[in-house]
Number of protein chains: 2
Amino acid sequence: MARPLPFDPIEEAGRQWDAQHWDEGQAMQAATSIMRAQQIVLSRVDEALRPWSLSFARYEVLVLLHFSKQGVLPLGKMGDRLMLHQASITNLVDRLEQQGLVKRVPHPTDRRTTLAELTPEGRSTVVDATKAVVAAQIGVTELTEREAKDLHRILRKLRAGADDFDA
Amino acid sequence: MARPLPFDPIEEAGRQWDAQHWDEGQAMQAATSIMRAQQIVLSRVDEALRPWSLSFARYEVLVLLHFSKQGVLPLGKMGDRLMLHQASITNLVDRLEQQGLVKRVPHPTDRRTTLAELTPEGRSTVVDATKAVVAAQIGVTELTEREAKDLHRILRKLRAGADDFDA
DNA sequence: CCAGAATACTTTGACCTCCAACTATCTGTC
DNA sequence: GACAGATAGTTGGAGGTCAAAGTATTCTGG
């Protein structure tokens, strides 16, 4: 369903905003574009990850653990890095644990903290899955390197203003 | 939630990709930036809409109806325009109907089709809510007009490749 | 030392998204 | 005209996100 429209719905919406004498149609188009682009990128990466029964969200958790040389991180730290709510991390680690890709282990000194540890299957899975994600061009196939860089730069400015990180 | 990190997690991830000799770190950063930017824009607009108990998704439905001069559209058409699954439209119209902002009416000639009609409350709500959304700069406050335009242009290219519309 | 504040995680519940399956209704073709 | 296939919408289920409340543990200031 939802086959290609004969026009760009975001351009059309922009014209309508102008017609309504609502200013900021420019900003609305930027915002709407972001929403739609996210939807596209997410579905493409999810598609590429389907063979491993992974979602983008769970894949990101695995990548983060893979980057930490020990393959072990506190749940809270992962939430900060991935900009996700605590409850979301709990949920994702639950599922990854059910899949046998991650294991919860107690923190050696702080009993409040739970660590997530990459299992051997988890480690090989993230390496294989990454090949598929890269092959899918991480969902931004139609952008040149220059455009990807510009995009990153502009969105970084947006993120910096959202208290995402100390700029 | 320990908010601002002392560094940009997306830049850091980019460094890690390089360190792993995974190419395409550039594309990964662009993709991740889109994901995060969407999260920011969504939460800002949702925040601005809170006084009307509206989500961005339901607000978009109202705007779309407002743009159609009659304030009436078939559910399927709205799904196409908003790039949403049929089931999502059903869900959103259910809630808008419960809020008294929209009413389902039968199509005059095609009994398969259901029309959504903006109620008087719905029409005044969308006008008021739009003022709040515009005041919040539609979630892209920190972008200049030029940046918003560049962003829109780049993402339009991405969307065009996703069969979103006939380019 | 100990009471209160801060931190870490889980649980529950509200939304939103998609897919797949199902019902009802048109449409086109023989 | 009848029937197969397309189209419109709803339902149910799986994920994912957040907020708020609850439990457990650690930290801190008097």
# chains A, B, ... in the order shown; residues from 1 in each chain; ligands from 1
call {"tool": "calpha_fit_rmsd", "arguments": {"fixed": "chain A", "moving": "chain B"}}
result
0.3 Å
call {"tool": "residues_around", "arguments": {"residues": "DC16 in chain C", "least_positions_apart": "2", "cutoff": "9 Å", "atoms": "only C-alpha atoms (C1' of nucleotides)", "output": "ChimeraX atom specification"}}
result
/B:57,88,91-92 /D:16-17
call {"tool": "select_by_dssp", "arguments": {"residues": "range 44-138 of chain A", "states": "strand (DSSP E)", "output": "JSON, numbers by chain"}}
result
{"A": [72, 73, 74, 102, 103, 104, 105, 106, 114, 115, 116, 117, 118]}
call {"tool": "residues_around", "arguments": {"residues": "DC19 in chain C", "least_positions_apart": "5", "cutoff": "10 Å", "atoms": "only C-alpha atoms (C1' of nucleotides)", "output": "list in words"}}
result
His85 and Ala87 of chain B; DG13 and DA14 of chain D
call {"tool": "interface_residues", "arguments": {"of": "chain D", "to": "chain A", "cutoff": "7 Å", "atoms": "only C-alpha atoms (C1' of nucleotides)", "output": "list in words"}}
result
DT17, DC18, DA24 and DT25 of chain D
call {"tool": "decode", "arguments": {"residues": "range 6-151 of chain B", "atoms": "C-alpha atoms", "output": "short mmCIF file (atom, residue, chain, number, x, y, z; two decimals), in the first residue's frame"}}
result
data_model
loop_
_atom_site.label_atom_id
_atom_site.label_comp_id
_atom_site.auth_asym_id
_atom_site.auth_seq_id
_atom_site.Cartn_x
_atom_site.Cartn_y
_atom_site.Cartn_z
CA PRO B 6 30.83 15.41 27.96
CA PHE B 7 31.16 14.50 24.28
CA ASP B 8 29.02 13.92 21.23
CA PRO B 9 28.07 10.25 21.22
CA ILE B 10 27.66 10.23 17.46
CA GLU B 11 31.15 11.63 16.87
CA GLU B 12 32.50 9.07 19.28
CA ALA B 13 30.68 6.26 17.48
CA GLY B 14 32.18 7.50 14.21
CA ARG B 15 35.67 7.23 15.68
CA GLN B 16 34.90 3.71 16.84
CA TRP B 17 33.72 2.65 13.41
CA ASP B 18 37.01 3.88 11.98
CA ALA B 19 38.95 2.09 14.70
CA GLN B 20 37.16 -1.15 13.82
CA HIS B 21 38.13 -0.64 10.19
CA TRP B 22 34.45 -0.59 9.36
CA ASP B 23 34.08 1.71 6.40
CA GLU B 24 30.96 3.77 5.89
CA GLY B 25 31.34 5.46 9.24
CA GLN B 26 30.34 8.59 7.37
CA ALA B 27 27.01 7.12 6.32
CA MET B 28 26.48 5.66 9.77
CA GLN B 29 26.89 9.09 11.32
CA ALA B 30 24.40 10.58 8.90
CA ALA B 31 21.90 7.82 9.64
CA THR B 32 22.35 8.04 13.39
CA SER B 33 22.04 11.82 13.25
CA ILE B 34 18.71 11.48 11.51
CA MET B 35 17.47 9.07 14.15
CA ARG B 36 18.48 11.35 16.96
CA ALA B 37 17.22 14.53 15.31
CA GLN B 38 13.83 12.93 14.81
CA GLN B 39 13.70 12.06 18.48
CA ILE B 40 14.46 15.66 19.42
CA VAL B 41 12.00 17.25 17.01
CA LEU B 42 9.28 14.83 18.01
CA SER B 43 9.66 15.44 21.71
CA ARG B 44 9.72 19.22 21.23
CA VAL B 45 6.59 19.31 19.13
CA ASP B 46 4.83 16.87 21.44
CA GLU B 47 5.74 19.17 24.28
CA ALA B 48 4.28 22.19 22.48
CA LEU B 49 1.08 20.24 21.80
CA ARG B 50 0.63 18.97 25.34
CA PRO B 51 -1.92 21.68 26.30
CA TRP B 52 -4.31 20.23 23.70
CA SER B 53 -3.57 16.61 24.58
CA LEU B 54 -2.34 16.11 21.05
CA SER B 55 0.58 14.11 19.72
CA PHE B 56 2.48 15.17 16.61
CA ALA B 57 0.86 12.28 14.75
CA ARG B 58 -2.67 13.31 15.65
CA TYR B 59 -1.83 16.97 14.99
CA GLU B 60 -0.72 16.10 11.49
CA VAL B 61 -4.04 14.41 10.84
CA LEU B 62 -5.85 17.55 11.93
CA VAL B 63 -3.64 19.78 9.77
CA LEU B 64 -4.24 17.60 6.76
CA LEU B 65 -8.00 17.82 7.23
CA HIS B 66 -7.75 21.56 7.77
CA PHE B 67 -5.92 21.92 4.46
CA SER B 68 -8.64 20.09 2.57
CA LYS B 69 -11.13 22.88 2.14
CA GLN B 70 -14.09 20.72 3.11
CA GLY B 71 -12.37 19.37 6.20
CA VAL B 72 -13.22 15.87 5.00
CA LEU B 73 -10.95 13.13 3.67
CA PRO B 74 -11.03 9.35 3.24
CA LEU B 75 -8.85 7.56 5.78
CA GLY B 76 -6.83 5.88 3.08
CA LYS B 77 -5.93 9.16 1.43
CA MET B 78 -4.65 10.48 4.72
CA GLY B 79 -2.50 7.41 5.13
CA ASP B 80 -0.93 8.02 1.73
CA ARG B 81 -0.26 11.68 2.44
CA LEU B 82 1.19 11.13 5.87
CA MET B 83 3.07 8.01 4.79
CA LEU B 84 1.44 5.98 7.49
CA HIS B 85 0.13 2.45 7.55
CA GLN B 86 -3.64 2.00 7.34
CA ALA B 87 -3.73 0.61 10.83
CA SER B 88 -2.01 3.72 12.17
CA ILE B 89 -4.63 5.98 10.63
CA THR B 90 -7.42 3.88 12.10
CA ASN B 91 -5.77 4.21 15.48
CA LEU B 92 -5.22 7.98 15.21
CA VAL B 93 -8.75 8.68 14.02
CA ASP B 94 -10.09 6.52 16.85
CA ARG B 95 -8.36 8.75 19.36
CA LEU B 96 -9.25 12.01 17.63
CA GLU B 97 -12.84 10.86 17.56
CA GLN B 98 -12.73 10.13 21.29
CA GLN B 99 -11.39 13.65 21.76
CA GLY B 100 -14.29 15.04 19.73
CA LEU B 101 -11.98 16.68 17.20
CA VAL B 102 -12.93 14.47 14.28
CA LYS B 103 -15.99 12.48 13.28
CA ARG B 104 -16.26 9.41 11.05
CA VAL B 105 -18.89 9.79 8.33
CA PRO B 106 -19.79 7.34 5.57
CA HIS B 107 -18.72 8.04 2.02
CA PRO B 108 -21.74 9.09 -0.04
CA THR B 109 -21.21 6.60 -2.86
CA ASP B 110 -18.51 4.10 -1.87
CA ARG B 111 -19.55 2.14 1.17
CA ARG B 112 -16.08 0.70 1.64
CA THR B 113 -14.72 4.13 2.36
CA THR B 114 -14.90 6.01 5.64
CA LEU B 115 -14.41 9.73 5.74
CA ALA B 116 -12.92 11.67 8.61
CA GLU B 117 -14.52 15.07 9.14
CA LEU B 118 -13.11 17.89 11.22
CA THR B 119 -15.56 18.99 13.93
CA PRO B 120 -15.85 22.69 14.86
CA GLU B 121 -13.74 21.96 17.96
CA GLY B 122 -11.25 20.19 15.75
CA ARG B 123 -10.96 23.19 13.48
CA SER B 124 -10.42 25.70 16.23
CA THR B 125 -8.01 23.33 17.97
CA VAL B 126 -5.78 22.94 14.95
CA VAL B 127 -5.59 26.71 14.50
CA ASP B 128 -4.67 27.30 18.13
CA ALA B 129 -2.27 24.39 18.30
CA THR B 130 -0.49 25.57 15.19
CA LYS B 131 0.37 28.84 16.90
CA ALA B 132 2.09 26.86 19.65
CA VAL B 133 3.91 24.66 17.16
CA VAL B 134 5.13 27.67 15.23
CA ALA B 135 6.18 29.37 18.44
CA ALA B 136 8.26 26.29 19.23
CA GLN B 137 9.89 26.75 15.81
CA ILE B 138 8.58 23.31 14.94
CA GLY B 139 11.44 21.81 16.89
CA VAL B 140 14.25 23.11 14.68
CA THR B 141 14.96 26.32 16.59
CA GLU B 142 18.68 26.32 16.17
CA LEU B 143 18.69 26.15 12.38
CA THR B 144 18.90 29.19 10.17
CA GLU B 145 16.53 29.48 7.26
CA ARG B 146 19.38 28.54 4.97
CA GLU B 147 20.19 25.43 6.99
CA ALA B 148 16.56 24.39 7.14
CA LYS B 149 16.44 24.71 3.38
CA ASP B 150 19.64 22.72 2.84
CA LEU B 151 18.41 20.05 5.19
#
